[in-house]
Amino acid sequence: MRPSVVAILLGLVTVSAGCGSSSHAEGDYTSRLAGARTAKDVRFQRGSDPVPDGRKTDLLPLGYFPIDPSYNVPASLQQSSDATIVLMPTSTGQTRRERRAGALEFTLKGQPMTLTAFVEADATDLNHLFVPFSDLTSGTETYRAGRYLDLDRTSTGYYDLDFNTAYHPYCYYNFSYECPLPPIENRLKIPVHAGEKLKTVQGRTTEGRTIDGQQ
């Protein structure tokens, strides 16, 4: 039986609406992220912390890779039962006490990967997950000491792992800050061209100081 003209038209409308919704959602995502970046620049420009007045010309507005939705990937957290305290080296040569919350499992650019999520060892609120990482851009296109992701713990164990929100630690802007360095287990073997990157000013990158204790 041939479909009626009405049925065909309804099908076309449905397909068209679906395509428009997908494009609109991606546009909303890009606009929201771009707005958050602009707001961060404004906040950093208004105060002298974390970006000192003497470095604002070089660092602001912050440098970013283009927003790429393919770097926003689903991840599942395999919770850790290991209560061992991890003494995570920092940019000043000291250590920070952390515990492993679990391993985030995800696929990025067709490759299965894991990153360990941490919580502060002495924190009473365990709802904030800290994910320090480095990748093959570290030291060339991004800060040599790596970058960070922050996640709010979910009840399901599933997360949106969005590398477009990856940011440099404050010790990149301001040498008075002490920043944890990504452990070996969180060193990705691919370049992550998403999130914050080094700025180029007059042909040179705005790299920070040499990091003590970096392996």
# chains A, B, ... in the order shown; residues from 1 in each chain; ligands from 1
$ closest_atom_pairs --of "segment 53-113 of chain A" --to "segment 190-201 of chain A" --cutoff "9 Å" --atoms "only C-alpha atoms" --output "Markdown table"
| residue | atom | partner | partner_atom | distance |
| --- | --- | --- | --- | --- |
| A:Asp58 | CA | A:Val201 | CA | 6.5 |
| A:Leu59 | CA | A:Lys199 | CA | 6.7 |
| A:Leu60 | CA | A:Lys199 | CA | 8.7 |
| A:Pro61 | CA | A:Lys199 | CA | 8.9 |
| A:Leu62 | CA | A:Lys199 | CA | 7.0 |
| A:Gly63 | CA | A:Lys199 | CA | 5.0 |
| A:Tyr64 | CA | A:Glu196 | CA | 4.3 |
| A:Phe65 | CA | A:Ala194 | CA | 5.1 |
| A:Pro66 | CA | A:Ala194 | CA | 6.8 |
| A:Ile67 | CA | A:Ala194 | CA | 6.8 |
| A:Asp68 | CA | A:Ala194 | CA | 6.9 |
| A:Tyr71 | CA | A:Ala194 | CA | 6.8 |
$ write_last_selection --atoms "N, CA, C and O atoms" --output "tab-separated table (two decimals), in the first residue's frame"
chain	number	residue	atom	x	y	z
A	58	ASP	N	50.12	39.90	28.80
A	58	ASP	CA	50.56	38.68	28.13
A	58	ASP	C	49.52	37.57	28.16
A	58	ASP	O	49.40	36.80	27.20
A	59	LEU	N	48.75	37.47	29.25
A	59	LEU	CA	47.89	36.31	29.44
A	59	LEU	C	46.43	36.50	29.08
A	59	LEU	O	45.73	35.53	28.76
A	60	LEU	N	45.94	37.73	29.14
A	60	LEU	CA	44.51	37.96	28.91
A	60	LEU	C	44.26	38.65	27.56
A	60	LEU	O	45.01	39.52	27.17
A	61	PRO	N	43.19	38.25	26.86
A	61	PRO	CA	42.31	37.13	27.19
A	61	PRO	C	43.06	35.80	27.10
A	61	PRO	O	44.04	35.68	26.37
A	62	LEU	N	42.60	34.83	27.86
A	62	LEU	CA	43.24	33.52	27.88
A	62	LEU	C	43.19	32.86	26.50
A	62	LEU	O	42.28	33.13	25.71
A	63	GLY	N	44.17	32.00	26.24
A	63	GLY	CA	44.21	31.29	24.97
A	63	GLY	C	43.44	29.98	25.06
A	63	GLY	O	43.49	29.29	26.09
A	64	TYR	N	42.72	29.65	24.00
A	64	TYR	CA	41.95	28.41	23.95
A	64	TYR	C	42.05	27.76	22.57
A	64	TYR	O	42.18	28.46	21.56
A	65	PHE	N	41.94	26.43	22.54
A	65	PHE	CA	41.70	25.74	21.29
A	65	PHE	C	40.25	26.00	20.87
A	65	PHE	O	39.40	26.28	21.72
A	66	PRO	N	39.94	25.91	19.57
A	66	PRO	CA	38.54	26.05	19.16
A	66	PRO	C	37.66	25.02	19.85
A	66	PRO	O	38.08	23.89	20.10
A	67	ILE	N	36.44	25.42	20.16
A	67	ILE	CA	35.49	24.52	20.81
A	67	ILE	C	35.16	23.37	19.85
A	67	ILE	O	34.75	23.60	18.72
A	68	ASP	N	35.34	22.16	20.31
A	68	ASP	CA	35.14	20.97	19.49
A	68	ASP	C	34.30	19.96	20.28
A	68	ASP	O	34.80	19.33	21.22
A	71	TYR	N	35.32	16.47	21.69
A	71	TYR	CA	36.13	16.31	22.90
A	71	TYR	C	35.27	16.27	24.17
A	71	TYR	O	35.80	16.25	25.28
$ closest_atom_pairs --of "segment 140-161 of chain A" --to "segment 111-132 of chain A" --cutoff "6 Å" --atoms "only C-alpha atoms" --output "tab-separated table"
residue	atom	partner	partner_atom	distance
A:Arg147	CA	A:Pro132	CA	5.9
A:Tyr148	CA	A:Pro132	CA	4.4
A:Leu149	CA	A:Val131	CA	5.0
A:Asp150	CA	A:Phe130	CA	5.2
A:Leu151	CA	A:Leu129	CA	5.0
A:Asp152	CA	A:His128	CA	5.0
A:Arg153	CA	A:Asn127	CA	4.9
$ write_last_selection --atoms "N, CA and C atoms" --output "PDB file, in the first residue's frame"
ATOM      1  N   ARG A 147      47.099  20.100  32.801  1.00  0.00           N
ATOM      2  CA  ARG A 147      45.856  20.852  32.945  1.00  0.00           C
ATOM      3  C   ARG A 147      44.910  20.078  33.864  1.00  0.00           C
ATOM      4  N   TYR A 148      43.786  20.713  34.200  1.00  0.00           N
ATOM      5  CA  TYR A 148      42.852  20.126  35.148  1.00  0.00           C
ATOM      6  C   TYR A 148      41.443  20.040  34.553  1.00  0.00           C
ATOM      7  N   LEU A 149      40.690  19.060  35.051  1.00  0.00           N
ATOM      8  CA  LEU A 149      39.247  18.973  34.853  1.00  0.00           C
ATOM      9  C   LEU A 149      38.596  18.838  36.224  1.00  0.00           C
ATOM     10  N   ASP A 150      37.439  19.442  36.411  1.00  0.00           N
ATOM     11  CA  ASP A 150      36.676  19.329  37.650  1.00  0.00           C
ATOM     12  C   ASP A 150      35.338  18.671  37.338  1.00  0.00           C
ATOM     13  N   LEU A 151      34.923  17.762  38.191  1.00  0.00           N
ATOM     14  CA  LEU A 151      33.643  17.085  38.012  1.00  0.00           C
ATOM     15  C   LEU A 151      32.876  17.075  39.326  1.00  0.00           C
ATOM     16  N   ASP A 152      31.564  17.235  39.236  1.00  0.00           N
ATOM     17  CA  ASP A 152      30.689  17.040  40.391  1.00  0.00           C
ATOM     18  C   ASP A 152      30.234  15.585  40.383  1.00  0.00           C
ATOM     19  N   ARG A 153      30.417  14.910  41.504  1.00  0.00           N
ATOM     20  CA  ARG A 153      30.093  13.484  41.573  1.00  0.00           C
ATOM     21  C   ARG A 153      28.614  13.261  41.264  1.00  0.00           C
TER      22      ARG A 153
END
$ atom_distance --atom1 "atom CA of Ala103 of chain A" --atom2 "atom CA of Ala145 of chain A"
20.9 Å
$ residues_around --residues "segment 74-87 of chain A" --least-positions-apart "3" --cutoff "8 Å" --atoms "only C-alpha atoms" --output "PyMOL selection string"
chain A and resi 95-107+121+157-161
$ write_last_selection --atoms "C-alpha atoms" --output "short mmCIF file (atom, residue, chain, number, x, y, z; two decimals), in the first residue's frame"
data_model
loop_
_atom_site.label_atom_id
_atom_site.label_comp_id
_atom_site.auth_asym_id
_atom_site.auth_seq_id
_atom_site.Cartn_x
_atom_site.Cartn_y
_atom_site.Cartn_z
CA THR A 95 53.23 17.30 48.13
CA ARG A 96 49.44 17.33 48.27
CA ARG A 97 47.48 14.58 50.06
CA GLU A 98 44.93 12.98 47.73
CA ARG A 99 42.94 9.76 47.50
CA ARG A 100 41.86 7.91 44.36
CA ALA A 101 38.09 8.17 43.89
CA GLY A 102 38.20 5.84 40.91
CA ALA A 103 39.11 5.41 37.26
CA LEU A 104 37.18 7.26 34.58
CA GLU A 105 36.84 5.04 31.52
CA PHE A 106 36.09 6.69 28.19
CA THR A 107 36.87 6.68 24.49
CA ALA A 121 42.51 13.13 51.48
CA GLY A 157 28.67 6.97 38.04
CA TYR A 158 28.32 8.38 34.53
CA TYR A 159 29.90 11.69 33.55
CA ASP A 160 30.31 14.13 30.71
CA LEU A 161 34.09 14.36 30.42
#
$ select_by_dssp --residues "segment 128-185 of chain A" --states "strand (DSSP E)" --output "PyMOL selection string"
chain A and resi 128-133+147-152+158-162
$ write_last_selection --atoms "N, CA, C and O atoms" --output "compact mmCIF listing (two decimals), in the first residue's frame"
# COMPACT_ATOMS: atom_id res chain seq x y z
N HIS A 128 33.29 16.51 45.05
CA HIS A 128 34.08 17.16 44.01
C HIS A 128 35.21 16.25 43.58
O HIS A 128 36.02 15.79 44.40
N LEU A 129 35.28 15.93 42.29
CA LEU A 129 36.32 15.08 41.74
C LEU A 129 37.34 15.94 40.99
O LEU A 129 36.98 16.81 40.19
N PHE A 130 38.59 15.67 41.26
CA PHE A 130 39.71 16.43 40.68
C PHE A 130 40.45 15.51 39.70
O PHE A 130 40.87 14.41 40.07
N VAL A 131 40.58 15.97 38.45
CA VAL A 131 41.20 15.15 37.41
C VAL A 131 42.34 15.92 36.76
O VAL A 131 42.16 16.64 35.77
N PRO A 132 43.55 15.81 37.32
CA PRO A 132 44.71 16.44 36.68
C PRO A 132 45.24 15.53 35.57
O PRO A 132 45.27 14.31 35.74
N PHE A 133 45.64 16.10 34.44
CA PHE A 133 46.14 15.27 33.35
C PHE A 133 47.15 16.05 32.51
O PHE A 133 47.19 17.28 32.53
N ARG A 147 47.10 20.10 32.80
CA ARG A 147 45.86 20.85 32.94
C ARG A 147 44.91 20.08 33.86
O ARG A 147 45.18 18.94 34.23
N TYR A 148 43.79 20.71 34.20
CA TYR A 148 42.85 20.13 35.15
C TYR A 148 41.44 20.04 34.55
O TYR A 148 41.05 20.85 33.71
N LEU A 149 40.69 19.06 35.05
CA LEU A 149 39.25 18.97 34.85
C LEU A 149 38.60 18.84 36.22
O LEU A 149 39.15 18.18 37.12
N ASP A 150 37.44 19.44 36.41
CA ASP A 150 36.68 19.33 37.65
C ASP A 150 35.34 18.67 37.34
O ASP A 150 34.68 19.02 36.34
N LEU A 151 34.92 17.76 38.19
CA LEU A 151 33.64 17.09 38.01
C LEU A 151 32.88 17.08 39.33
O LEU A 151 33.47 16.92 40.40
N ASP A 152 31.56 17.24 39.24
CA ASP A 152 30.69 17.04 40.39
C ASP A 152 30.23 15.59 40.38
O ASP A 152 29.73 15.09 39.36
N TYR A 158 28.07 7.97 35.91
CA TYR A 158 28.32 8.38 34.53
C TYR A 158 28.55 9.89 34.48
O TYR A 158 27.91 10.66 35.20
N TYR A 159 29.47 10.29 33.60
CA TYR A 159 29.90 11.69 33.55
C TYR A 159 30.06 12.17 32.11
O TYR A 159 30.33 11.36 31.21
N ASP A 160 29.89 13.47 31.94
CA ASP A 160 30.31 14.13 30.71
C ASP A 160 31.73 14.61 30.95
O ASP A 160 31.95 15.53 31.74
N LEU A 161 32.68 13.99 30.28
CA LEU A 161 34.09 14.36 30.42
C LEU A 161 34.41 15.32 29.28
O LEU A 161 34.66 14.90 28.15
N ASP A 162 34.38 16.61 29.58
CA ASP A 162 34.48 17.64 28.54
C ASP A 162 35.85 18.30 28.56
O ASP A 162 36.13 19.17 29.38
